[in-house]
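Trainee: Got a structure for you, work_23.cif, holding mmCIF, C-alpha atoms.
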```
data_run
#
loop_
_atom_site.label_atom_id
_atom_site.label_comp_id
_atom_site.auth_asym_id
_atom_site.auth_seq_id
_atom_site.Cartn_x
_atom_site.Cartn_y
_atom_site.Cartn_z
CA MET A 352 0.00 0.00 0.00
CA TRP A 353 1.37 3.40 -1.05
CA THR A 354 0.92 5.18 2.25
CA PRO A 355 2.98 7.51 4.51
CA GLN A 356 5.27 5.62 6.85
CA ILE A 357 6.21 6.39 10.41
CA LEU A 358 9.73 5.05 10.36
CA ASP A 359 13.13 6.34 11.20
CA LYS A 360 15.57 4.14 9.41
CA ARG A 361 17.71 4.78 6.38
CA SER A 362 15.85 2.26 4.20
CA SER A 363 12.68 4.36 4.40
CA TYR A 364 14.61 7.32 2.99
CA ASP A 365 15.72 5.19 0.04
CA ASP A 366 12.09 4.13 -0.46
CA LEU A 367 11.06 7.77 -0.44
CA ILE A 368 13.65 8.68 -3.07
CA ALA A 369 12.57 5.72 -5.18
CA GLY A 370 8.92 6.75 -4.87
CA LYS A 371 7.97 3.50 -3.13
CA ILE A 372 6.42 5.51 -0.32
CA PRO A 373 4.84 9.00 -0.58
CA ALA A 374 6.07 10.46 2.70
CA LEU A 375 7.87 9.80 5.93
CA ILE A 376 6.35 11.03 9.15
CA ILE A 377 8.67 11.76 12.04
CA PRO A 378 6.48 12.29 15.11
CA LYS A 379 7.07 14.70 17.98
CA VAL A 380 10.00 16.61 16.54
CA LEU A 381 8.77 19.58 18.57
CA SER A 382 6.74 19.43 21.79
CA LYS A 383 3.13 20.66 21.85
CA PHE A 384 4.21 23.37 24.30
CA ASP A 385 6.93 24.69 21.98
CA CYS A 386 4.59 24.48 18.96
CA THR A 387 2.00 26.61 20.79
CA SER A 388 4.57 29.10 21.99
CA ILE A 389 6.24 29.54 18.57
CA SER A 390 2.89 29.66 16.73
CA SER A 391 1.69 32.40 19.05
CA LYS A 392 4.84 34.41 18.29
CA ILE A 393 4.40 33.85 14.55
CA LEU A 394 0.77 34.98 14.67
CA ASN A 395 1.73 38.11 16.59
CA MET A 396 4.41 38.87 14.04
CA SER A 397 1.87 38.30 11.29
CA LYS A 398 -0.50 40.86 12.85
CA ILE A 399 2.31 43.42 13.12
CA ASN A 400 3.18 42.84 9.45
CA GLY A 401 -0.32 43.45 8.09
CA ALA A 402 -1.58 39.85 8.34
CA SER A 403 1.41 38.51 6.44
CA THR A 404 0.95 34.84 5.54
CA LYS A 405 4.56 33.89 4.96
CA PHE A 406 7.95 34.58 6.45
CA GLY A 407 10.83 33.64 4.24
CA THR A 408 11.36 33.71 0.51
CA THR A 409 11.34 31.08 -2.23
CA LEU A 410 13.04 30.48 -5.56
CA SER A 411 9.67 30.22 -7.27
CA SER A 412 8.95 33.84 -6.37
CA HIS A 413 12.19 34.89 -8.06
CA ILE A 414 12.80 32.43 -10.87
CA TYR A 415 14.68 34.97 -12.96
CA GLU A 416 15.47 37.57 -10.28
CA LYS A 417 18.48 35.99 -8.68
CA SER A 418 19.95 39.04 -6.97
CA LYS A 419 16.55 39.94 -5.50
CA TYR A 420 16.14 36.37 -4.24
CA PHE A 421 19.49 36.41 -2.45
CA SER A 422 18.89 39.84 -0.99
CA ASN A 423 15.46 38.72 0.32
CA ALA A 424 16.97 35.46 1.58
CA GLN A 425 19.55 37.25 3.75
CA GLU A 426 16.75 39.38 5.18
CA SER A 427 14.37 36.49 5.82
CA ASN A 428 17.12 34.37 7.40
CA LYS A 429 17.62 37.18 9.94
CA ILE A 430 13.87 37.31 10.62
CA LEU A 431 13.74 33.55 11.27
CA LYS A 432 16.79 33.68 13.56
CA ASN A 433 15.17 36.46 15.61
CA LEU A 434 11.87 34.62 15.69
CA PHE A 435 13.42 31.46 17.13
CA PHE A 436 15.89 33.28 19.37
CA GLU A 437 14.06 32.66 22.66
CA HIS A 438 12.97 29.12 21.76
CA ILE A 439 14.46 25.80 20.87
CA SER A 440 14.90 26.44 17.14
CA PRO A 441 12.51 24.14 15.25
CA LEU A 442 14.73 24.60 12.23
CA ILE A 443 17.72 23.14 14.08
CA LEU A 444 15.58 20.27 15.40
CA MET A 445 14.35 19.44 11.90
CA ARG A 446 17.90 19.42 10.59
CA GLN A 447 19.11 17.26 13.48
CA LYS A 448 16.39 14.69 12.80
CA ILE A 449 17.18 14.59 9.09
CA SER A 450 20.88 14.37 9.82
CA GLU A 451 20.35 11.48 12.26
CA LEU A 452 18.10 9.69 9.82
CA LEU A 453 20.37 10.00 6.81
CA LYS A 454 23.70 9.99 8.62
CA LYS A 455 24.74 13.11 6.75
CA LYS A 456 25.39 16.68 7.74
CA ILE A 457 22.96 19.27 6.45
CA TYR A 458 23.80 22.88 5.60
CA THR A 459 21.96 25.78 4.03
CA ALA A 460 23.05 25.90 0.39
CA THR A 461 25.25 28.78 -0.73
CA GLU A 462 26.03 30.32 -4.10
CA ASN A 463 28.74 32.92 -4.67
CA ASN A 464 29.20 33.12 -0.89
CA MET A 465 25.55 33.98 -0.37
CA PHE A 466 23.19 31.83 1.63
CA TYR A 467 19.97 30.54 0.18
CA SER A 468 16.84 31.05 2.27
CA ASP A 469 16.97 28.76 5.34
CA ALA A 470 13.26 27.98 5.53
CA ILE A 471 9.81 29.39 5.05
CA ILE A 472 6.91 29.75 7.47
CA ARG A 473 3.49 29.58 5.87
CA ILE A 474 0.19 30.47 7.51
CA HIS A 475 -2.98 29.16 5.86
CA GLY A 476 -6.24 30.39 7.35
CA ASN A 477 -9.95 29.74 7.05
CA GLY A 478 -10.92 29.00 3.44
CA ASP A 479 -7.33 28.68 2.20
CA SER A 480 -6.10 25.74 0.18
CA VAL A 481 -3.14 25.17 -2.12
CA HIS A 482 -3.82 24.05 -5.66
CA LEU A 483 -2.28 20.95 -7.26
CA HIS A 484 1.46 21.39 -7.77
CA ARG A 485 4.86 19.73 -7.55
CA ASP A 486 8.00 21.20 -6.04
CA ASN A 487 11.24 20.45 -7.74
CA SER A 488 13.85 22.95 -8.76
CA ASN A 489 15.63 20.73 -11.32
CA PHE A 490 13.51 21.91 -14.23
CA GLU A 491 12.45 25.52 -13.96
CA MET A 492 15.05 26.97 -11.54
CA SER A 493 17.97 26.38 -13.90
CA GLU A 494 19.43 29.82 -13.07
CA TYR A 495 20.26 28.53 -9.57
CA ASN A 496 22.96 26.03 -8.56
CA VAL A 497 20.52 24.08 -6.37
CA SER A 498 18.68 23.05 -9.54
CA ARG A 499 21.54 20.57 -10.03
CA ILE A 500 21.11 18.97 -6.60
CA GLU A 501 19.88 15.40 -6.87
CA ASN A 502 17.21 13.55 -4.93
CA GLN A 503 15.38 16.66 -3.79
CA LEU A 504 13.00 16.22 -0.88
CA SER A 505 10.74 18.53 1.04
CA ALA A 506 10.60 18.74 4.86
CA ILE A 507 7.61 20.29 6.62
CA LEU A 508 7.17 20.73 10.34
CA TYR A 509 3.60 21.32 11.46
CA LEU A 510 3.61 24.05 14.09
CA GLN A 511 -0.15 24.48 14.43
CA SER A 512 -2.95 22.17 13.27
CA PRO A 513 -6.05 23.80 11.85
CA ASP A 514 -9.48 23.05 13.36
CA VAL A 515 -10.61 21.23 10.22
CA GLY A 516 -8.87 20.30 6.94
CA GLY A 517 -5.40 21.32 5.80
CA GLU A 518 -4.37 17.75 4.99
CA LEU A 519 -1.54 17.28 2.52
CA THR A 520 -2.87 15.08 -0.27
CA ILE A 521 -0.15 13.32 -2.25
CA PHE A 522 -1.00 11.73 -5.60
CA HIS A 523 0.73 8.64 -6.92
CA LYS A 524 1.83 10.46 -10.05
CA ILE A 525 5.25 11.88 -10.61
CA TRP A 526 5.84 15.05 -12.60
CA ASN A 527 6.87 14.67 -16.22
CA LYS A 528 8.13 17.40 -18.57
CA LYS A 529 5.12 16.78 -20.82
CA ASP A 530 2.85 17.82 -17.93
CA GLU A 531 3.91 21.43 -18.51
CA MET A 532 1.16 21.43 -21.13
CA MET A 533 -1.28 21.14 -18.21
CA ARG A 534 0.10 24.12 -16.29
CA GLU A 535 -2.15 26.83 -14.89
CA PRO A 536 -0.93 30.34 -15.74
CA GLU A 537 -0.45 31.55 -12.17
CA PHE A 538 0.45 28.46 -10.20
CA GLY A 539 0.41 24.69 -10.41
CA TYR A 540 -1.37 22.29 -12.72
CA SER A 541 -4.79 21.37 -14.01
CA ALA A 542 -6.70 18.95 -11.78
CA ASP A 543 -7.30 16.86 -14.94
CA LEU A 544 -3.79 15.47 -14.43
CA ILE A 545 -4.75 13.53 -11.33
CA LYS A 546 -8.21 12.27 -12.28
CA GLY A 547 -8.50 8.68 -11.10
CA VAL A 548 -4.98 8.71 -9.61
CA TYR A 549 -4.46 6.99 -6.25
CA ARG A 550 -4.01 9.48 -3.43
CA THR A 551 -3.02 9.44 0.20
CA LYS A 552 -3.22 12.04 2.96
CA VAL A 553 -0.93 13.40 5.66
CA THR A 554 -2.78 14.96 8.59
CA PRO A 555 -1.15 18.16 9.87
CA VAL A 556 -0.40 17.14 13.47
CA ALA A 557 1.43 19.86 15.38
CA GLY A 558 4.96 18.77 16.27
CA ASN A 559 5.22 16.15 13.51
CA MET A 560 7.58 16.49 10.58
CA ALA A 561 6.67 15.16 7.14
CA ILE A 562 9.33 14.47 4.52
CA LEU A 563 7.98 13.99 1.04
CA ASN A 564 9.23 13.45 -2.45
CA PRO A 565 7.98 16.70 -3.97
CA LYS A 566 8.08 15.40 -7.53
CA PHE A 567 4.82 13.66 -6.71
CA TYR A 568 1.86 15.93 -7.32
CA HIS A 569 0.36 17.24 -4.11
CA GLN A 570 -2.08 19.81 -2.79
CA ILE A 571 -3.29 21.19 0.52
CA GLU A 572 -6.94 20.68 1.29
CA SER A 573 -9.16 23.57 2.30
CA ILE A 574 -8.84 24.77 5.88
CA SER A 575 -11.78 25.80 8.00
CA GLY A 576 -12.12 27.16 11.49
CA LEU A 577 -10.44 29.79 13.59
CA LYS A 578 -7.08 28.05 13.90
CA SER A 579 -4.67 28.51 11.02
CA ARG A 580 -2.42 25.82 9.64
CA ILE A 581 1.15 26.95 10.37
CA THR A 582 4.18 25.17 8.92
CA LEU A 583 7.92 25.56 8.71
CA GLY A 584 9.47 24.02 5.63
CA PHE A 585 12.48 23.71 3.39
CA PHE A 586 13.81 21.60 0.54
CA PHE A 587 16.96 19.54 0.77
CA GLY A 588 18.96 17.24 -1.42
CA GLU A 589 22.23 15.47 -1.95
CA SER A 590 25.15 17.32 -3.41
CA SER A 591 27.89 14.97 -2.26
CA LYS A 592 28.15 11.62 -0.48
CA ASP A 593 28.59 13.24 2.92
CA CYS A 594 26.43 16.35 2.81
CA LEU A 595 22.90 17.53 2.29
CA TYR A 596 22.05 21.09 1.33
CA SER A 597 18.82 22.90 2.02
CA TRP A 598 17.01 25.91 0.59
CA THR A 599 13.60 27.34 -0.07
CA MET B 190 -5.60 45.85 -24.08
CA THR B 191 -2.89 43.48 -25.27
CA ASP B 192 -3.93 39.96 -26.21
CA ILE B 193 -2.21 37.28 -24.12
CA ILE B 194 -1.74 33.55 -24.66
CA TRP B 195 0.03 30.91 -22.56
CA GLY B 196 1.47 27.55 -23.43
CA THR B 197 4.51 25.32 -23.69
CA VAL B 198 7.37 25.79 -26.11
CA THR B 199 7.61 22.73 -28.34
CA LYS B 200 10.22 23.66 -30.95
CA ILE B 201 12.90 26.31 -31.38
CA ILE B 202 12.88 27.65 -34.93
CA THR B 203 15.50 30.42 -34.88
CA THR B 204 17.27 32.48 -32.24
CA ASN B 205 14.21 34.70 -32.03
CA SER B 206 11.33 32.38 -32.83
CA PHE B 207 9.73 29.20 -31.53
CA GLU B 208 6.62 27.08 -31.87
CA MET B 209 4.26 26.62 -28.96
CA ASN B 210 1.18 24.66 -27.96
CA VAL B 211 -1.34 27.26 -26.86
CA SER B 212 -3.15 26.00 -23.74
CA HIS B 213 -4.66 29.22 -22.37
CA GLN B 214 -5.97 32.41 -23.93
CA LYS B 215 -6.99 35.53 -22.02
CA ASP B 216 -10.81 35.76 -21.78
CA THR B 217 -10.81 39.32 -23.07
CA ASN B 218 -8.53 38.76 -26.07
CA ASN B 219 -9.65 40.56 -29.22
CA ASP B 220 -8.59 37.69 -31.47
CA SER B 221 -8.58 33.93 -31.04
CA TYR B 222 -5.48 31.89 -31.67
CA GLN B 223 -4.67 28.43 -33.05
CA ASP B 224 -3.74 25.50 -30.79
CA VAL B 225 -0.25 25.70 -32.28
CA GLU B 226 1.30 29.08 -33.02
CA GLN B 227 4.73 30.27 -34.09
CA ILE B 228 6.11 33.13 -32.01
CA HIS B 229 8.62 35.80 -32.98
CA PHE B 230 9.86 37.23 -29.70
CA THR B 231 11.03 40.81 -29.43
CA GLU B 232 11.62 40.71 -25.67
CA ILE B 233 12.20 37.88 -23.22
CA ASP B 234 12.67 37.93 -19.44
CA ILE B 235 15.08 34.98 -19.19
CA PRO B 236 18.51 36.38 -18.27
CA SER B 237 20.41 33.46 -19.82
CA ILE B 238 19.11 34.50 -23.25
CA PRO B 239 21.19 37.49 -24.39
CA VAL B 240 19.29 40.61 -25.48
CA ASP B 241 21.66 40.91 -28.43
CA GLU B 242 20.46 38.43 -31.04
CA SER B 243 23.89 37.99 -32.57
CA SER B 244 25.13 36.59 -29.24
CA ARG B 245 22.47 33.86 -29.17
CA ASP B 246 22.59 30.33 -30.51
CA ILE B 247 19.84 27.78 -31.02
CA LEU B 248 21.19 25.38 -28.37
CA GLN B 249 21.14 28.14 -25.79
CA ILE B 250 17.55 29.01 -26.65
CA GLU B 251 16.60 25.34 -26.50
CA GLN B 252 18.17 24.87 -23.08
CA ASN B 253 16.26 27.82 -21.70
CA LEU B 254 12.92 27.61 -23.48
CA LYS B 255 12.15 24.10 -24.72
CA ASP B 256 9.20 22.56 -22.83
CA LYS B 257 8.85 25.68 -20.68
CA PHE B 258 5.48 27.22 -19.92
CA VAL B 259 5.49 30.83 -21.12
CA LYS B 260 3.28 33.87 -21.37
CA CYS B 261 3.17 35.75 -24.69
CA GLU B 262 1.91 39.33 -24.92
CA ILE B 263 0.98 39.83 -28.53
CA SER B 264 1.63 43.01 -30.49
CA GLY B 265 0.74 41.67 -33.97
CA ARG B 266 1.57 39.18 -36.71
CA ASN B 267 4.57 39.41 -39.03
CA SER B 268 4.89 38.55 -42.71
CA GLU B 269 5.80 34.95 -41.82
CA ASN B 270 2.48 34.62 -39.97
CA ARG B 271 4.31 34.46 -36.65
CA LEU B 272 2.86 36.24 -33.64
CA VAL B 273 5.11 39.09 -32.56
CA CYS B 274 5.32 38.88 -28.79
CA SER B 275 6.98 39.90 -25.59
CA VAL B 276 7.67 36.58 -23.87
CA SER B 277 8.02 35.90 -20.18
CA HIS B 278 7.91 32.94 -17.82
CA SER B 279 4.52 32.46 -16.22
CA GLY B 280 3.93 31.58 -12.59
CA ALA B 281 5.51 28.43 -11.26
CA GLY B 282 4.72 24.74 -11.18
CA GLY B 283 5.22 24.78 -7.42
CA TYR B 284 6.97 26.43 -4.50
#
```
Translate the structure of the given file into structure tokens.
Mentor:
Amino acid sequence: MWTPQILDKRSSYDDLIAGKIPALIIPKVLSKFDCTSISSKILNMSKINGASTKFGTTLSSHIYEKSKYFSNAQESNKILKNLFFEHISPLILMRQKISELLKKKIYTATENNMFYSDAIIRIHGNGDSVHLHRDNSNFEMSEYNVSRIENQLSAILYLQSPDVGGELTIFHKIWNKKDEMMREPEFGYSADLIKGVYRTKVTPVAGNMAILNPKFYHQIESISGLKSRITLGFFFGESSKDCLYSWT
Amino acid sequence: MTDIIWGTVTKIITTNSFEMNVSHQKDTNNDSYQDVEQIHFTEIDIPSIPVDESSRDILQIEQNLKDKFVKCEISGRNSENRLVCSVSHSGAGGY
């Protein structure tokens, strides 16, 4: 059965890379207490910043604006450091878990002595959902060195669970270059691509980390209720035998 | 208002033209367009494609445009029946 696995051994990582499993769930990376405390700080910061729904930057926002991406990345890395200053850094905990699991050190990727964005916090509120997409920088981010990193995976730490919904649905269909014909102009792909395709769901449990192979099509189901879905995420991949590099 | 079409680049013809499968057309376009159109691009937002045409080569255009999903803002048709467009990348397939 193609279903998320709660395992913490190296073989499950290999299965994830090979697409034999859709996701790995690593429970209790962060305690409920720390999740609540950090989420409260994030929501306060969001209010101060005009109900901002993300902290951090991404390559996809700057596909052909490299200098702007790196300038925003330096800024957002500072914001994240300040945000986690008084807490156990969830970013460090995520990296430690991945490092333990894969027996490799993990660093934020750099290019021309500039750091890529460490991570991104996303807040999805009542009525929000994220349309069908795939995340993989190999194809369309060719301006960036990380596009050449192999075996790209996505790590997401759930900081706050929504009241209802917000599940990550992963479809048993891997992106293919030909699928670009099914792109939507603003973001993602036509839902026609996944008609009749087997799907599985990851429930956003606060404190759990999900690692998924982002070449598989996925989407976030609609959220309802007063509590937002808050996540911290980044991509990572193998650049050498000993090291992993991360970015957003 | 400028007519806009979107689609994937299927074939590079010259260093300033390509063929594309048109998958989307703006609702308020004045004209309608074929499922397959040839595009002559006068501007492009991909930095790896030099502005100066004499510095371009087909391979370079292929590496940067083939199979990519692009947005074409149309200013007319030329004598070769190609749409004259300003071309840019459109959105993203994911985060």
Trainee: Evaluate the PyMOL selection byres ((chain B) within 8 of (chain A)) on the structure here and hand back the selected residues as a list in words.
Mentor: Trp195, Gly196, Thr197, Asn210, Ser212, His213, Asp234, Ile235, Pro236, Ser237, Asp256, Lys257, Phe258, Lys260, Ser279, Gly280, Ala281, Gly282, Gly283 and Tyr284 of chain B
Trainee: Do you have the CA of Met396 in chain A-CA of Asn464 in chain A distance handy?
Mentor: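 Interatomic distance here is 29.5 Å.
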Trainee: Name the residues within 12 Å of (22.7, 24.4, -8.9), counting all atoms listed in the file in the file's coordinates, and put them as number ranges by chain.
Mentor: A: 410, 460-463, 467, 488-501, 503, 588-590, 596-598
Trainee: When the PyMOL selection byres ((chain A and resi 574) around 10) is applied to the file above, which residues end up in the set, as a ChimeraX atom specification?
Mentor: /A:475-481,512-518,571-573,575-580
Trainee: Specify as a PyMOL selection string each residue included when the PyMOL selection byres ((chain B and resi 228) around 8) is applied to this file.
Mentor: chain B and resi 206-209+226-227+229-230+271-274
Trainee: Using C-alpha atoms, can you export the residues from the last selection as a JSON list (two decimals), in the frame of the given file?
Mentor:
```
[["chain", "number", "residue", "atom", "x", "y", "z"],
["B", 206, "SER", "CA", 11.33, 32.38, -32.83],
["B", 207, "PHE", "CA", 9.73, 29.20, -31.53],
["B", 208, "GLU", "CA", 6.62, 27.08, -31.87],
["B", 209, "MET", "CA", 4.26, 26.62, -28.96],
["B", 226, "GLU", "CA", 1.30, 29.08, -33.02],
["B", 227, "GLN", "CA", 4.73, 30.27, -34.09],
["B", 229, "HIS", "CA", 8.62, 35.80, -32.98],
["B", 230, "PHE", "CA", 9.86, 37.23, -29.70],
["B", 271, "ARG", "CA", 4.31, 34.46, -36.65],
["B", 272, "LEU", "CA", 2.86, 36.24, -33.64],
["B", 273, "VAL", "CA", 5.11, 39.09, -32.56],
["B", 274, "CYS", "CA", 5.32, 38.88, -28.79]]
```
Trainee: Go through A:Lys546, A:Lys552, A:Lys455, A:His438 one by one, measure the shortest atom-to-atom distance of each to Ile521 in chain A using all atoms listed in the file, and give the residue with the smallest value.
Mentor: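 Nearest to Ile521 in chain A: A:Lys552.
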Trainee: Which is closer to Pro555 in chain A than all the others in A:Thr582, A:Ser403, A:Ser397, A:Thr387, using all atoms listed in the file?
Mentor: A:Thr582
Trainee: Give as a ChimeraX atom specification the set of residues within 6 Å of the point (6.3, 35.6, -20.9), where distances use the file's coordinates and only C-alpha atoms.
Mentor: /B:259-261,276-279
Trainee: Measuring between only C-alpha atoms, which one of B:Asn267, B:Asn253, B:Thr217, B:Ser275 shows the shortest distance to Lys200 in chain B?
Mentor: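 Ranked by minimum distance to Lys200 in chain B, first place goes to B:Asn253.
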Trainee: Work out how far CA of Tyr509 in chain A is from CA of Leu381 in chain A, in Å to one decimal.
Mentor: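 CA of Leu381 in chain A sits 9.0 Å away from CA of Tyr509 in chain A.
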Trainee: Do you have the CA of Asp365 in chain A-CA of Ile545 in chain A distance handy?
Mentor: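 Going from CA of Asp365 in chain A over to CA of Ile545 in chain A covers 24.9 Å.
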Trainee: Padding of 5 Å on every side, edges along x, y and z, all listed atoms of range 374-384 of chain A included: what centre and edge lengths in Å, to one decimal, does that box have, as JSON?
Mentor:
```
{"center_x": 6.6, "center_y": 16.6, "center_z": 13.5, "size_x": 16.9, "size_y": 23.6, "size_z": 31.6}
```
Trainee: Take range 508-535 of chain A from the block and save it with N, CA and C atoms, as an mmCIF file, in the first residue's frame.
Mentor:
```cif
data_model
loop_
_atom_site.group_PDB
_atom_site.id
_atom_site.type_symbol
_atom_site.label_atom_id
_atom_site.label_comp_id
_atom_site.auth_asym_id
_atom_site.auth_seq_id
_atom_site.Cartn_x
_atom_site.Cartn_y
_atom_site.Cartn_z
ATOM 1 N N LEU A 508 7.495 20.931 8.925
ATOM 2 C CA LEU A 508 7.168 20.733 10.340
ATOM 3 C C LEU A 508 5.847 21.443 10.605
ATOM 4 N N TYR A 509 4.896 20.705 11.140
ATOM 5 C CA TYR A 509 3.602 21.316 11.463
ATOM 6 C C TYR A 509 3.710 21.988 12.827
ATOM 7 N N LEU A 510 3.508 23.292 12.836
ATOM 8 C CA LEU A 510 3.612 24.051 14.089
ATOM 9 C C LEU A 510 2.236 24.247 14.734
ATOM 10 N N GLN A 511 1.214 24.376 13.899
ATOM 11 C CA GLN A 511 -0.152 24.477 14.435
ATOM 12 C C GLN A 511 -1.107 23.737 13.499
ATOM 13 N N SER A 512 -1.947 22.891 14.075
ATOM 14 C CA SER A 512 -2.948 22.173 13.269
ATOM 15 C C SER A 512 -4.180 23.054 13.137
ATOM 16 N N PRO A 513 -4.806 23.053 11.970
ATOM 17 C CA PRO A 513 -6.055 23.801 11.846
ATOM 18 C C PRO A 513 -7.195 23.054 12.535
ATOM 19 N N ASP A 514 -8.319 23.731 12.756
ATOM 20 C CA ASP A 514 -9.481 23.054 13.358
ATOM 21 C C ASP A 514 -9.942 21.910 12.458
ATOM 22 N N VAL A 515 -10.117 22.235 11.189
ATOM 23 C CA VAL A 515 -10.606 21.234 10.216
ATOM 24 C C VAL A 515 -9.813 21.387 8.911
ATOM 25 N N GLY A 516 -9.486 20.268 8.278
ATOM 26 C CA GLY A 516 -8.873 20.297 6.944
ATOM 27 C C GLY A 516 -7.366 20.530 6.996
ATOM 28 N N GLY A 517 -6.831 21.033 5.876
ATOM 29 C CA GLY A 517 -5.400 21.322 5.796
ATOM 30 C C GLY A 517 -4.542 20.086 5.587
ATOM 31 N N GLU A 518 -5.177 18.953 5.224
ATOM 32 C CA GLU A 518 -4.369 17.746 4.985
ATOM 33 C C GLU A 518 -3.532 17.939 3.716
ATOM 34 N N LEU A 519 -2.379 17.305 3.724
ATOM 35 C CA LEU A 519 -1.543 17.280 2.523
ATOM 36 C C LEU A 519 -1.938 16.037 1.738
ATOM 37 N N THR A 520 -2.510 16.233 0.573
ATOM 38 C CA THR A 520 -2.872 15.080 -0.268
ATOM 39 C C THR A 520 -1.748 14.866 -1.281
ATOM 40 N N ILE A 521 -1.230 13.649 -1.302
ATOM 41 C CA ILE A 521 -0.151 13.321 -2.247
ATOM 42 C C ILE A 521 -0.699 12.306 -3.253
ATOM 43 N N PHE A 522 -0.495 12.594 -4.521
ATOM 44 C CA PHE A 522 -1.002 11.734 -5.599
ATOM 45 C C PHE A 522 0.111 10.819 -6.105
ATOM 46 N N HIS A 523 -0.271 9.604 -6.436
ATOM 47 C CA HIS A 523 0.729 8.641 -6.919
ATOM 48 C C HIS A 523 1.018 8.891 -8.394
ATOM 49 N N LYS A 524 1.480 10.084 -8.672
ATOM 50 C CA LYS A 524 1.827 10.461 -10.047
ATOM 51 C C LYS A 524 3.002 11.434 -9.975
ATOM 52 N N ILE A 525 4.041 11.073 -10.639
ATOM 53 C CA ILE A 525 5.251 11.880 -10.614
ATOM 54 C C ILE A 525 5.251 12.848 -11.797
ATOM 55 N N TRP A 526 5.801 14.035 -11.559
ATOM 56 C CA TRP A 526 5.836 15.055 -12.601
ATOM 57 C C TRP A 526 6.659 14.589 -13.804
ATOM 58 N N ASN A 527 6.177 14.968 -14.973
ATOM 59 C CA ASN A 527 6.866 14.674 -16.223
ATOM 60 C C ASN A 527 6.900 15.970 -17.029
ATOM 61 N N LYS A 528 7.969 16.164 -17.778
ATOM 62 C CA LYS A 528 8.129 17.396 -18.566
ATOM 63 C C LYS A 528 6.898 17.685 -19.434
ATOM 64 N N LYS A 529 6.294 16.622 -19.944
ATOM 65 C CA LYS A 529 5.120 16.782 -20.821
ATOM 66 C C LYS A 529 3.940 17.410 -20.074
ATOM 67 N N ASP A 530 3.954 17.273 -18.734
ATOM 68 C CA ASP A 530 2.851 17.822 -17.933
ATOM 69 C C ASP A 530 2.809 19.358 -17.973
ATOM 70 N N GLU A 531 3.910 19.959 -18.438
ATOM 71 C CA GLU A 531 3.914 21.429 -18.514
ATOM 72 C C GLU A 531 2.767 21.928 -19.405
ATOM 73 N N MET A 532 2.294 21.053 -20.286
ATOM 74 C CA MET A 532 1.161 21.429 -21.128
ATOM 75 C C MET A 532 -0.115 21.580 -20.308
ATOM 76 N N MET A 533 -0.093 21.075 -19.083
ATOM 77 C CA MET A 533 -1.278 21.137 -18.210
ATOM 78 C C MET A 533 -1.104 22.182 -17.108
ATOM 79 N N ARG A 534 -0.144 23.088 -17.306
ATOM 80 C CA ARG A 534 0.097 24.117 -16.294
ATOM 81 C C ARG A 534 -1.045 25.124 -16.242
ATOM 82 N N GLU A 535 -1.231 25.694 -15.050
ATOM 83 C CA GLU A 535 -2.148 26.827 -14.886
ATOM 84 C C GLU A 535 -1.282 28.087 -14.944
#
```
